[in-house]
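A.B. asks: Structure supplied as entry-v4.txt; contents: compact mmCIF, C-alpha atoms and all ligand atoms.
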# COMPACT_ATOMS: atom_id res chain seq x y z
CA MET S 1 29.88 59.81 64.71
CA THR S 2 29.30 58.73 61.13
CA ALA S 3 28.14 55.25 60.23
CA ALA S 4 31.44 54.67 58.45
CA LEU S 5 33.42 55.63 61.52
CA GLU S 6 31.41 53.30 63.70
CA ASP S 7 32.00 50.64 61.13
CA GLU S 8 35.75 50.98 61.37
CA LEU S 9 35.79 51.23 65.14
CA SER S 10 33.62 48.21 65.46
CA TYR S 11 36.43 45.93 64.48
CA LEU S 12 38.86 47.40 66.93
CA PRO S 13 38.70 45.86 70.36
CA ARG S 14 36.99 48.00 72.99
CA PRO S 15 38.54 47.68 75.50
CA PRO S 16 41.70 46.17 74.02
CA LEU S 17 41.55 42.41 73.91
CA PRO S 18 43.88 40.72 76.35
CA ILE S 19 46.29 39.20 73.87
CA PRO S 20 49.14 37.52 75.71
CA ALA S 21 52.52 38.73 74.53
CA SER S 22 53.41 35.16 73.62
CA ALA S 23 50.47 35.03 71.22
CA LYS S 24 51.33 38.26 69.46
CA PRO S 25 52.71 37.50 66.07
CA ARG S 26 55.98 39.08 65.14
CA ASP S 27 55.67 37.12 61.98
CA ALA S 28 53.13 37.98 59.36
CA GLU S 29 52.32 34.28 58.86
CA ASP S 30 50.97 33.96 62.34
CA LEU S 31 47.41 35.04 62.95
CA GLY S 32 47.76 34.36 66.62
CA LYS S 33 45.93 32.40 69.22
CA SER S 34 42.26 32.94 69.27
CA SER S 35 40.45 35.18 71.62
CA PHE S 36 37.44 34.36 69.48
CA SER S 37 35.51 31.69 71.30
CA GLY S 38 32.49 31.30 69.05
CA VAL S 39 32.27 28.70 66.35
CA HIS S 40 31.89 30.48 63.08
CA PRO S 41 29.37 28.95 60.73
CA MET S 42 32.14 28.64 58.19
CA SER S 43 33.95 26.25 60.48
CA SER S 44 30.93 24.11 61.07
CA PRO S 45 29.53 21.58 60.61
CA SER S 46 31.86 20.31 57.89
CA PRO S 47 34.59 22.79 57.16
CA PRO S 48 36.60 22.48 54.02
CA SER S 49 39.91 20.93 54.90
CA PRO S 50 42.51 23.66 55.26
CA THR S 51 45.10 21.25 53.96
CA ALA S 52 43.15 20.16 50.92
CA PRO S 53 44.76 21.46 47.78
CA PRO S 54 42.57 23.80 45.82
CA SER S 55 40.79 22.01 43.08
CA PRO S 56 42.40 22.85 39.77
CA SER S 57 39.03 22.83 38.09
CA LEU S 58 37.80 25.58 40.34
CA GLY S 59 37.29 29.03 39.30
CA ALA S 60 37.79 31.73 36.88
CA GLY S 61 41.19 32.18 38.52
CA SER S 62 42.66 29.62 36.16
CA SER S 63 42.74 31.79 33.12
CA PRO S 64 44.17 30.26 29.99
CA TRP S 65 46.04 33.50 29.36
CA ALA S 66 47.46 34.10 32.77
CA SER S 67 51.01 32.89 33.18
CA PRO S 68 51.05 31.38 36.67
CA ALA S 69 54.80 30.80 36.52
CA THR S 70 55.43 34.52 36.45
CA ARG S 71 52.79 35.52 38.98
CA PRO S 72 53.80 36.17 42.56
CA PRO S 73 52.50 33.65 45.10
CA SER S 74 48.94 33.83 46.28
CA VAL S 75 48.40 35.45 49.68
CA ILE S 76 44.64 35.01 49.88
CA THR S 77 42.83 32.06 48.38
CA VAL S 78 39.04 32.05 48.17
CA ARG S 79 37.28 28.78 47.40
CA GLU S 80 33.57 28.10 46.99
CA LEU S 81 32.63 31.21 48.91
CA TRP S 82 28.93 31.84 49.45
CA VAL S 83 27.41 34.69 51.45
CA TRP S 84 23.75 34.60 52.34
CA ALA S 85 21.43 37.27 53.73
CA GLY S 86 18.46 35.11 54.70
CA LYS S 87 17.52 33.19 51.56
CA LYS S 88 19.25 35.61 49.24
CA ALA S 89 22.72 34.68 48.00
CA ILE S 90 24.77 37.87 47.96
CA LEU S 91 27.83 35.97 46.73
CA SER S 92 27.63 32.65 44.91
CA ASP S 93 30.49 30.19 44.63
CA ILE S 94 33.38 32.64 44.37
CA ASN S 95 36.81 31.21 43.60
CA LEU S 96 39.62 33.71 43.46
CA ASP S 97 43.31 34.10 44.28
CA PHE S 98 44.94 37.34 45.34
CA ALA S 99 48.67 37.53 44.78
CA GLU S 100 51.39 39.29 46.71
CA ARG S 101 52.76 42.43 45.11
CA GLU S 102 49.82 42.79 42.76
CA VAL S 103 46.94 45.20 42.60
CA THR S 104 43.67 43.37 41.99
CA ALA S 105 40.62 45.45 41.10
CA ILE S 106 37.11 44.24 41.74
CA ILE S 107 34.62 45.84 39.39
CA GLY S 108 30.92 45.44 38.74
CA PRO S 109 27.67 47.35 38.94
CA SER S 110 26.33 48.73 42.19
CA GLY S 111 24.92 46.00 44.45
CA CYS S 112 26.79 43.12 42.77
CA GLY S 113 28.59 42.18 46.01
CA LYS S 114 31.98 43.92 45.73
CA THR S 115 31.98 45.33 49.25
CA THR S 116 30.67 42.11 50.72
CA LEU S 117 33.42 40.15 48.98
CA ILE S 118 36.27 42.21 50.41
CA ARG S 119 34.63 42.25 53.85
CA THR S 120 34.73 38.45 53.93
CA LEU S 121 38.52 38.62 53.49
CA ASN S 122 39.15 39.97 57.00
CA ARG S 123 35.95 38.76 58.65
CA MET S 124 34.35 42.18 58.67
CA THR S 125 31.17 40.38 57.59
CA GLU S 126 30.97 39.23 61.21
CA VAL S 127 30.06 42.73 62.29
CA SER S 128 27.16 42.84 59.80
CA PRO S 129 24.37 40.98 61.51
CA GLY S 130 22.41 38.48 59.48
CA LEU S 131 25.09 37.45 56.99
CA LYS S 132 25.98 33.78 56.69
CA VAL S 133 29.36 32.95 55.20
CA ARG S 134 30.24 29.53 53.77
CA GLY S 135 33.32 28.25 51.98
CA SER S 136 37.04 28.55 52.47
CA ILE S 137 39.26 31.60 52.69
CA GLN S 138 42.92 31.10 53.38
CA TYR S 139 45.50 33.70 54.28
CA LYS S 140 48.96 32.29 53.54
CA GLY S 141 47.50 28.81 53.80
CA GLN S 142 45.68 29.43 57.09
CA ASP S 143 41.90 29.16 57.24
CA ILE S 144 40.94 32.66 58.40
CA TYR S 145 37.68 31.39 59.86
CA GLY S 146 39.53 28.76 61.88
CA ARG S 147 39.11 28.70 65.63
CA ALA S 148 42.77 29.51 66.29
CA VAL S 149 42.57 32.78 64.40
CA ASN S 150 42.28 36.03 66.30
CA PRO S 151 40.10 38.30 64.14
CA VAL S 152 41.77 41.42 65.53
CA LEU S 153 45.16 40.23 64.37
CA LEU S 154 43.69 39.10 61.08
CA ARG S 155 42.36 42.61 60.51
CA GLN S 156 45.80 44.01 61.17
CA ARG S 157 47.35 41.69 58.57
CA VAL S 158 44.48 42.25 56.16
CA GLY S 159 43.82 45.95 56.68
CA MET S 160 40.87 47.86 55.30
CA VAL S 161 40.31 51.39 54.07
CA PHE S 162 36.73 52.50 53.58
CA GLN S 163 34.91 54.46 50.93
CA ARG S 164 34.88 57.65 52.97
CA PRO S 165 37.91 58.61 55.02
CA THR S 166 37.29 57.43 58.57
CA VAL S 167 39.77 59.52 60.54
CA PHE S 168 39.28 59.62 64.28
CA PRO S 169 38.82 63.01 65.98
CA LEU S 170 42.42 62.87 67.19
CA SER S 171 45.71 64.28 66.00
CA VAL S 172 47.41 63.08 62.84
CA PHE S 173 49.97 61.28 65.01
CA GLU S 174 47.38 59.57 67.21
CA ASN S 175 45.35 58.41 64.23
CA VAL S 176 48.34 56.48 62.91
CA ALA S 177 49.38 55.37 66.39
CA PHE S 178 45.93 53.98 67.16
CA GLY S 179 46.53 50.30 66.43
CA LEU S 180 50.06 50.46 67.83
CA ARG S 181 48.72 51.68 71.15
CA LEU S 182 46.18 48.84 71.19
CA ASN S 183 49.11 46.48 70.65
CA ARG S 184 50.83 48.21 73.58
CA GLU S 185 53.93 49.01 71.60
CA SER S 186 56.67 50.99 73.32
CA ARG S 187 56.97 54.75 72.87
CA ASP S 188 59.97 54.39 70.60
CA VAL S 189 58.27 51.83 68.40
CA VAL S 190 55.15 54.00 68.15
CA GLU S 191 57.22 57.04 67.20
CA THR S 192 59.21 55.17 64.55
CA LYS S 193 56.26 53.37 63.05
CA VAL S 194 54.07 56.46 62.85
CA VAL S 195 56.73 58.35 60.92
CA ASP S 196 57.49 55.36 58.71
CA SER S 197 53.80 54.79 57.93
CA LEU S 198 53.23 58.44 57.10
CA LYS S 199 56.20 58.27 54.74
CA ARG S 200 54.89 55.13 53.09
CA ALA S 201 51.49 56.76 52.65
CA GLY S 202 53.16 59.76 50.99
CA LEU S 203 52.00 62.14 53.72
CA TYR S 204 55.03 62.82 55.84
CA GLU S 205 56.48 65.66 53.79
CA GLU S 206 53.10 67.42 53.74
CA LEU S 207 52.44 67.08 57.45
CA LYS S 208 55.76 66.69 59.26
CA ASP S 209 55.75 70.26 60.61
CA ASN S 210 52.72 69.59 62.75
CA LEU S 211 51.84 65.99 63.40
CA HIS S 212 49.76 67.09 66.37
CA ARG S 213 47.18 69.03 64.41
CA SER S 214 43.71 67.54 64.35
CA ALA S 215 43.21 65.03 61.56
CA LEU S 216 39.83 66.62 60.96
CA THR S 217 41.58 69.70 59.54
CA LEU S 218 43.11 67.70 56.68
CA SER S 219 41.70 67.67 53.16
CA GLY S 220 39.64 64.65 52.09
CA GLY S 221 42.54 63.26 50.08
CA GLN S 222 44.96 63.67 52.98
CA GLN S 223 42.44 62.03 55.32
CA GLN S 224 42.18 59.03 53.02
CA ARG S 225 45.97 58.68 52.87
CA LEU S 226 46.00 59.00 56.65
CA CYS S 227 43.63 56.04 56.85
CA ILE S 228 46.06 54.12 54.62
CA ALA S 229 48.93 55.13 56.95
CA ARG S 230 46.92 53.89 59.95
CA ALA S 231 46.43 50.52 58.25
CA LEU S 232 50.13 50.34 57.32
CA ALA S 233 51.30 51.03 60.88
CA VAL S 234 50.25 47.59 62.15
CA ASN S 235 52.25 45.65 59.60
CA PRO S 236 49.64 44.44 57.10
CA ARG S 237 50.37 42.14 54.19
CA VAL S 238 47.12 42.86 52.38
CA LEU S 239 45.27 46.14 51.95
CA LEU S 240 41.58 46.16 51.12
CA LEU S 241 40.37 49.45 49.66
CA ASP S 242 36.65 49.94 49.11
CA GLU S 243 36.18 52.64 46.48
CA PRO S 244 38.82 54.71 48.26
CA THR S 245 38.68 57.64 45.85
CA SER S 246 34.95 57.91 45.26
CA SER S 247 34.69 60.98 47.50
CA LEU S 248 37.93 62.60 46.28
CA ASP S 249 38.64 65.19 43.61
CA PRO S 250 40.78 64.23 40.58
CA SER S 251 44.08 65.46 42.01
CA ALA S 252 43.59 63.70 45.36
CA THR S 253 42.50 60.60 43.42
CA GLN S 254 45.71 60.71 41.45
CA LYS S 255 47.78 60.86 44.63
CA VAL S 256 46.04 57.78 46.00
CA GLU S 257 46.48 55.97 42.68
CA ASP S 258 50.19 56.89 42.58
CA LEU S 259 50.49 55.57 46.10
CA LEU S 260 49.07 52.19 45.04
CA PHE S 261 52.05 51.70 42.72
CA GLU S 262 54.38 52.21 45.67
CA LEU S 263 52.36 50.04 48.02
CA LYS S 264 52.21 47.05 45.72
CA ARG S 265 55.99 46.65 45.97
CA GLU S 266 55.35 45.32 49.46
CA TYR S 267 51.69 44.53 49.85
CA ALA S 268 48.88 42.76 48.08
CA VAL S 269 46.38 45.48 47.22
CA ILE S 270 42.72 44.71 46.54
CA ILE S 271 40.71 47.68 45.37
CA VAL S 272 36.98 47.85 44.76
CA THR S 273 36.08 50.42 42.18
CA HIS S 274 33.15 51.12 39.92
CA ASN S 275 35.41 53.32 37.86
CA MET S 276 36.69 51.19 35.01
CA GLN S 277 39.31 53.73 33.99
CA GLN S 278 40.71 53.52 37.48
CA ALA S 279 40.87 49.73 37.32
CA ALA S 280 42.60 49.98 33.95
CA ARG S 281 45.13 52.45 35.37
CA VAL S 282 46.05 50.76 38.62
CA ALA S 283 45.29 47.05 38.54
CA ASP S 284 47.44 44.15 37.40
CA ARG S 285 44.41 41.89 37.49
CA THR S 286 40.73 42.67 37.44
CA ALA S 287 37.79 40.59 38.61
CA PHE S 288 34.32 41.32 37.26
CA LEU S 289 31.41 40.51 39.54
CA TYR S 290 27.79 40.50 38.47
CA GLN S 291 24.83 39.66 40.68
CA GLY S 292 27.05 37.99 43.24
CA LYS S 293 28.88 35.81 40.74
CA LEU S 294 32.45 36.07 39.57
CA ILE S 295 32.02 36.31 35.83
CA GLU S 296 35.65 36.66 34.84
CA VAL S 297 39.07 37.43 36.30
CA ASP S 298 42.15 38.08 34.25
CA GLU S 299 45.07 40.34 33.60
CA THR S 300 43.53 43.80 33.44
CA LYS S 301 44.51 44.51 29.85
CA ARG S 302 43.12 41.19 28.69
CA LEU S 303 39.88 41.61 30.59
CA PHE S 304 39.26 45.03 29.09
CA GLU S 305 40.53 44.41 25.58
CA ASN S 306 39.62 40.83 24.97
CA PRO S 307 37.12 39.54 27.52
CA ARG S 308 36.08 35.93 27.30
CA GLU S 309 32.54 36.47 28.53
CA LYS S 310 29.82 38.40 26.70
CA LEU S 311 28.66 39.87 30.00
CA THR S 312 32.11 41.25 30.74
CA GLU S 313 32.29 42.76 27.29
CA SER S 314 28.92 44.44 27.71
CA TYR S 315 29.98 45.87 31.06
CA VAL S 316 33.41 47.12 30.07
CA THR S 317 32.05 48.73 26.93
CA GLY S 318 29.53 50.58 29.04
CA ARG S 319 26.40 48.85 27.79
CA PHE S 320 25.14 48.57 31.33
CA GLY S 321 26.32 49.58 34.72
N1 LIG T 401 24.16 42.92 55.99
C1 LIG T 401 23.39 42.76 54.92
N2 LIG T 401 22.13 42.27 55.03
C2 LIG T 401 21.35 42.09 53.94
N3 LIG T 401 21.72 42.39 52.68
C3 LIG T 401 22.94 42.89 52.50
C4 LIG T 401 23.85 43.09 53.59
N4 LIG T 401 25.01 43.60 53.10
C5 LIG T 401 24.83 43.70 51.77
N5 LIG T 401 23.60 43.27 51.40
C6 LIG T 401 23.05 43.22 50.03
O1 LIG T 401 23.99 42.52 49.23
C7 LIG T 401 24.05 43.05 47.92
C8 LIG T 401 25.50 43.40 47.62
O2 LIG T 401 25.89 44.52 48.39
P1 LIG T 401 27.34 45.14 48.34
O3 LIG T 401 28.33 44.06 48.63
O4 LIG T 401 27.35 46.32 49.21
O5 LIG T 401 27.45 45.54 46.80
P2 LIG T 401 28.43 46.56 46.04
O6 LIG T 401 29.54 46.89 46.98
O7 LIG T 401 28.86 45.82 44.81
O8 LIG T 401 27.60 47.75 45.69
C9 LIG T 401 23.12 44.23 47.90
O9 LIG T 401 21.89 43.82 47.35
C10 LIG T 401 22.96 44.58 49.38
O10 LIG T 401 21.72 45.18 49.62
MG MG T 402 30.18 48.74 47.75
Rewrite the structure of this file - the entire thing - as structure tokens.

C.D. replies:
Amino acid sequence: MTAALEDELSYLPRPPLPIPASAKPRDAEDLGKSSFSGVHPMSSPSPPSPTAPPSPSLGAGSSPWASPATRPPSVITVRELWVWAGKKAILSDINLDFAEREVTAIIGPSGCGKTTLIRTLNRMTEVSPGLKVRGSIQYKGQDIYGRAVNPVLLRQRVGMVFQRPTVFPLSVFENVAFGLRLNRESRDVVETKVVDSLKRAGLYEELKDNLHRSALTLSGGQQQRLCIARALAVNPRVLLLDEPTSSLDPSATQKVEDLLFELKREYAVIIVTHNMQQAARVADRTAFLYQGKLIEVDETKRLFENPREKLTESYVTGRFG
């Protein structure tokens, strides 16, 4: 089993967590009752108030050029986020909003904290030992590190696709059905949702003749879209994609990029990429991270063509990277 596969499995309950039917959200707003009994450091000792309005002075998110009136509402709000590995700050005071029906790209040189940032958004950082997370992250106004939040449900609402395709050694059908079976959905629901998710991921036409073939026989690009289908099956609102095309050839990359345009009609999409052309092609907004700090976030065109910060300009013009 590859490290990446273990990584993805590690956030699925083994064995399935006993989530009472009454606590299962049918509504995307509801992150469920907690089966998480520990107190997360983010919730202690003095958590930011989940009801406190975000400070208007905070963050690069308040761009003078952005037109908030025309932007869709924020689905994830990050305030004063710090991540520490021992004494080293991997992320420093990040303030960022991710909007519904937008693609946000996170760019920056290798090691600047892009992966860590998106892993904080669905508490995947909890499965990396030794990381300390401080600050506030809200999903639709709910503190995701709050004690009432079930991390398994959170990870269904805020789904993640990894750098390398992490298909399970199962059939195409069972890969997509995986989360649905954990949720103990009925046969009919599983059947319908698998087909629907494969359609949404642009794979159904290619694979419909044999959904029971092993997922391992698919091409890399198909495997990556299968991982997207698996995330879509459990009704996410946000999709986190960590360099999803870095192991794909140009034509498979294009299919994934085309898919992002479809997906953003319904989902908030957050994509980490070190490929600036890709960010320019797919993202409505782009955030530039450098050494764990958010240097600038803006509409993609503005960030590339008229950055406010010298550092951003140097990066987007290829002076370092
Ligand atoms: N679990 C961890 N423990 C210690 N250091 C870590 C851990 N995860 C990431 N880091 C460090 O944090 C920095 C940012 O890593 P990462 O978020 O993977 O960057 P990027 O995705 O931008 O390449 C790197 O220096 C990396 O070594
Ligand atoms: Mg990374």

A.B. asks: Of the candidates S:Asp97, S:Glu174, S:Asp242, S:Glu80, which shows the shortest atom-to-atom distance to ligand MG 402 (chain T), using only C-alpha atoms and all ligand atoms?

C.D. replies: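 The shortest atom-to-atom distance to ligand MG 402 (chain T) comes from S:Asp242.
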
A.B. asks: Per residue of region 90-134 of chain S within 9 Å of region 279-295 of chain S, which atom pair is closest and at what distance in Å (one decimal), using only C-alpha atoms, listed by chain and increasing number, as JSON lines?

C.D. replies:
{"residue": "S:Ile90", "atom": "CA", "partner": "S:Gly292", "partner_atom": "CA", "distance": 5.2}
{"residue": "S:Leu91", "atom": "CA", "partner": "S:Gly292", "partner_atom": "CA", "distance": 4.1}
{"residue": "S:Ser92", "atom": "CA", "partner": "S:Lys293", "partner_atom": "CA", "distance": 5.4}
{"residue": "S:Asp93", "atom": "CA", "partner": "S:Lys293", "partner_atom": "CA", "distance": 7.0}
{"residue": "S:Ile94", "atom": "CA", "partner": "S:Leu294", "partner_atom": "CA", "distance": 6.0}
{"residue": "S:Asn95", "atom": "CA", "partner": "S:Leu294", "partner_atom": "CA", "distance": 7.7}
{"residue": "S:Leu96", "atom": "CA", "partner": "S:Leu294", "partner_atom": "CA", "distance": 8.5}
{"residue": "S:Glu102", "atom": "CA", "partner": "S:Asp284", "partner_atom": "CA", "distance": 6.0}
{"residue": "S:Val103", "atom": "CA", "partner": "S:Ala283", "partner_atom": "CA", "distance": 4.8}
{"residue": "S:Thr104", "atom": "CA", "partner": "S:Arg285", "partner_atom": "CA", "distance": 4.8}
{"residue": "S:Ala105", "atom": "CA", "partner": "S:Thr286", "partner_atom": "CA", "distance": 4.6}
{"residue": "S:Ile106", "atom": "CA", "partner": "S:Ala287", "partner_atom": "CA", "distance": 4.9}
{"residue": "S:Ile107", "atom": "CA", "partner": "S:Phe288", "partner_atom": "CA", "distance": 5.0}
{"residue": "S:Gly108", "atom": "CA", "partner": "S:Leu289", "partner_atom": "CA", "distance": 5.0}
{"residue": "S:Pro109", "atom": "CA", "partner": "S:Tyr290", "partner_atom": "CA", "distance": 6.9}
{"residue": "S:Gly111", "atom": "CA", "partner": "S:Gln291", "partner_atom": "CA", "distance": 7.4}
{"residue": "S:Cys112", "atom": "CA", "partner": "S:Gln291", "partner_atom": "CA", "distance": 4.5}
{"residue": "S:Gly113", "atom": "CA", "partner": "S:Gly292", "partner_atom": "CA", "distance": 5.3}
{"residue": "S:Lys114", "atom": "CA", "partner": "S:Leu289", "partner_atom": "CA", "distance": 7.1}
{"residue": "S:Leu117", "atom": "CA", "partner": "S:Gly292", "partner_atom": "CA", "distance": 8.8}

A.B. asks: Please, what distance in Å, to one decimal, runs between CA of Arg302 (chain S) and CA of Asn122 (chain S)?

C.D. replies: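 Interatomic distance here is 28.6 Å.
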
A.B. asks: Using all atoms listed in the file, which residues sit within 10 Å of Pro244 (chain S) once same-chain residues fewer than 5 positions away are excluded, as a PyMOL selection string?

C.D. replies: chain S and resi 161-165+221+224-225+227-228+253+256-257+271-273

A.B. asks: Write a file of the selected residues as an mmCIF file, keeping the file's coordinate frame, keeping C-alpha atoms.

C.D. replies:
data_model
loop_
_atom_site.group_PDB
_atom_site.id
_atom_site.type_symbol
_atom_site.label_atom_id
_atom_site.label_comp_id
_atom_site.auth_asym_id
_atom_site.auth_seq_id
_atom_site.Cartn_x
_atom_site.Cartn_y
_atom_site.Cartn_z
ATOM 1 C CA VAL S 161 40.310 51.390 54.070
ATOM 2 C CA PHE S 162 36.730 52.500 53.580
ATOM 3 C CA GLN S 163 34.910 54.460 50.930
ATOM 4 C CA ARG S 164 34.880 57.650 52.970
ATOM 5 C CA PRO S 165 37.910 58.610 55.020
ATOM 6 C CA GLY S 221 42.540 63.260 50.080
ATOM 7 C CA GLN S 224 42.180 59.030 53.020
ATOM 8 C CA ARG S 225 45.970 58.680 52.870
ATOM 9 C CA CYS S 227 43.630 56.040 56.850
ATOM 10 C CA ILE S 228 46.060 54.120 54.620
ATOM 11 C CA THR S 253 42.500 60.600 43.420
ATOM 12 C CA VAL S 256 46.040 57.780 46.000
ATOM 13 C CA GLU S 257 46.480 55.970 42.680
ATOM 14 C CA ILE S 271 40.710 47.680 45.370
ATOM 15 C CA VAL S 272 36.980 47.850 44.760
ATOM 16 C CA THR S 273 36.080 50.420 42.180
#

A.B. asks: Find, counting only C-alpha atoms and all ligand atoms, the residue in S:Pro129, S:Gly141, S:Pro72, S:Gly179 that gets nearest to ligand LIG 401 (chain T).

C.D. replies: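 Using only C-alpha atoms and all ligand atoms, the shortest distance to ligand LIG 401 (chain T) belongs to S:Pro129.
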
A.B. asks: Have a look at S:Leu241, S:Leu31, S:Leu232, S:Leu248 and name the one nearest to ligand LIG 401 (chain T); count only C-alpha atoms and all ligand atoms.

C.D. replies: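 Using only C-alpha atoms and all ligand atoms, the shortest distance to ligand LIG 401 (chain T) belongs to S:Leu241.
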
A.B. asks: Can you work out which one of S:Thr192, S:Asn275, S:Ser74, S:Asn183 has the shortest atom-to-atom distance to Tyr139 (chain S), counting all atoms listed in the file?

C.D. replies: S:Ser74

A.B. asks: Pick out the closest residue to Gly321 (chain S) from this set: S:Glu299, S:Leu211, S:Ser110, S:Leu121. Count only C-alpha atoms.

C.D. replies: S:Ser110

A.B. asks: Around all the atoms of ligand LIG 401 (chain T) listed in the file, draw an axis-aligned box and extend it by 8 Å on each of the six sides; I want its centre and edge lengths in Å to one decimal, as AutoDock Vina command-line options.

C.D. replies:
--center_x 25.4 --center_y 44.9 --center_z 50.4 --size_x 24.2 --size_y 21.7 --size_z 27.2

A.B. asks: Between CA of Ser136 (chain S) and CA of Ala99 (chain S), what is the distance, to one decimal in Å?

C.D. replies: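 CA of Ser136 (chain S) sits 16.6 Å away from CA of Ala99 (chain S).
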
A.B. asks: Would you mind reading off the distance between atom C2 of ligand LIG 401 (chain T) and CA of Ala85 (chain S), one decimal, in Å?

C.D. replies: 4.8 Å
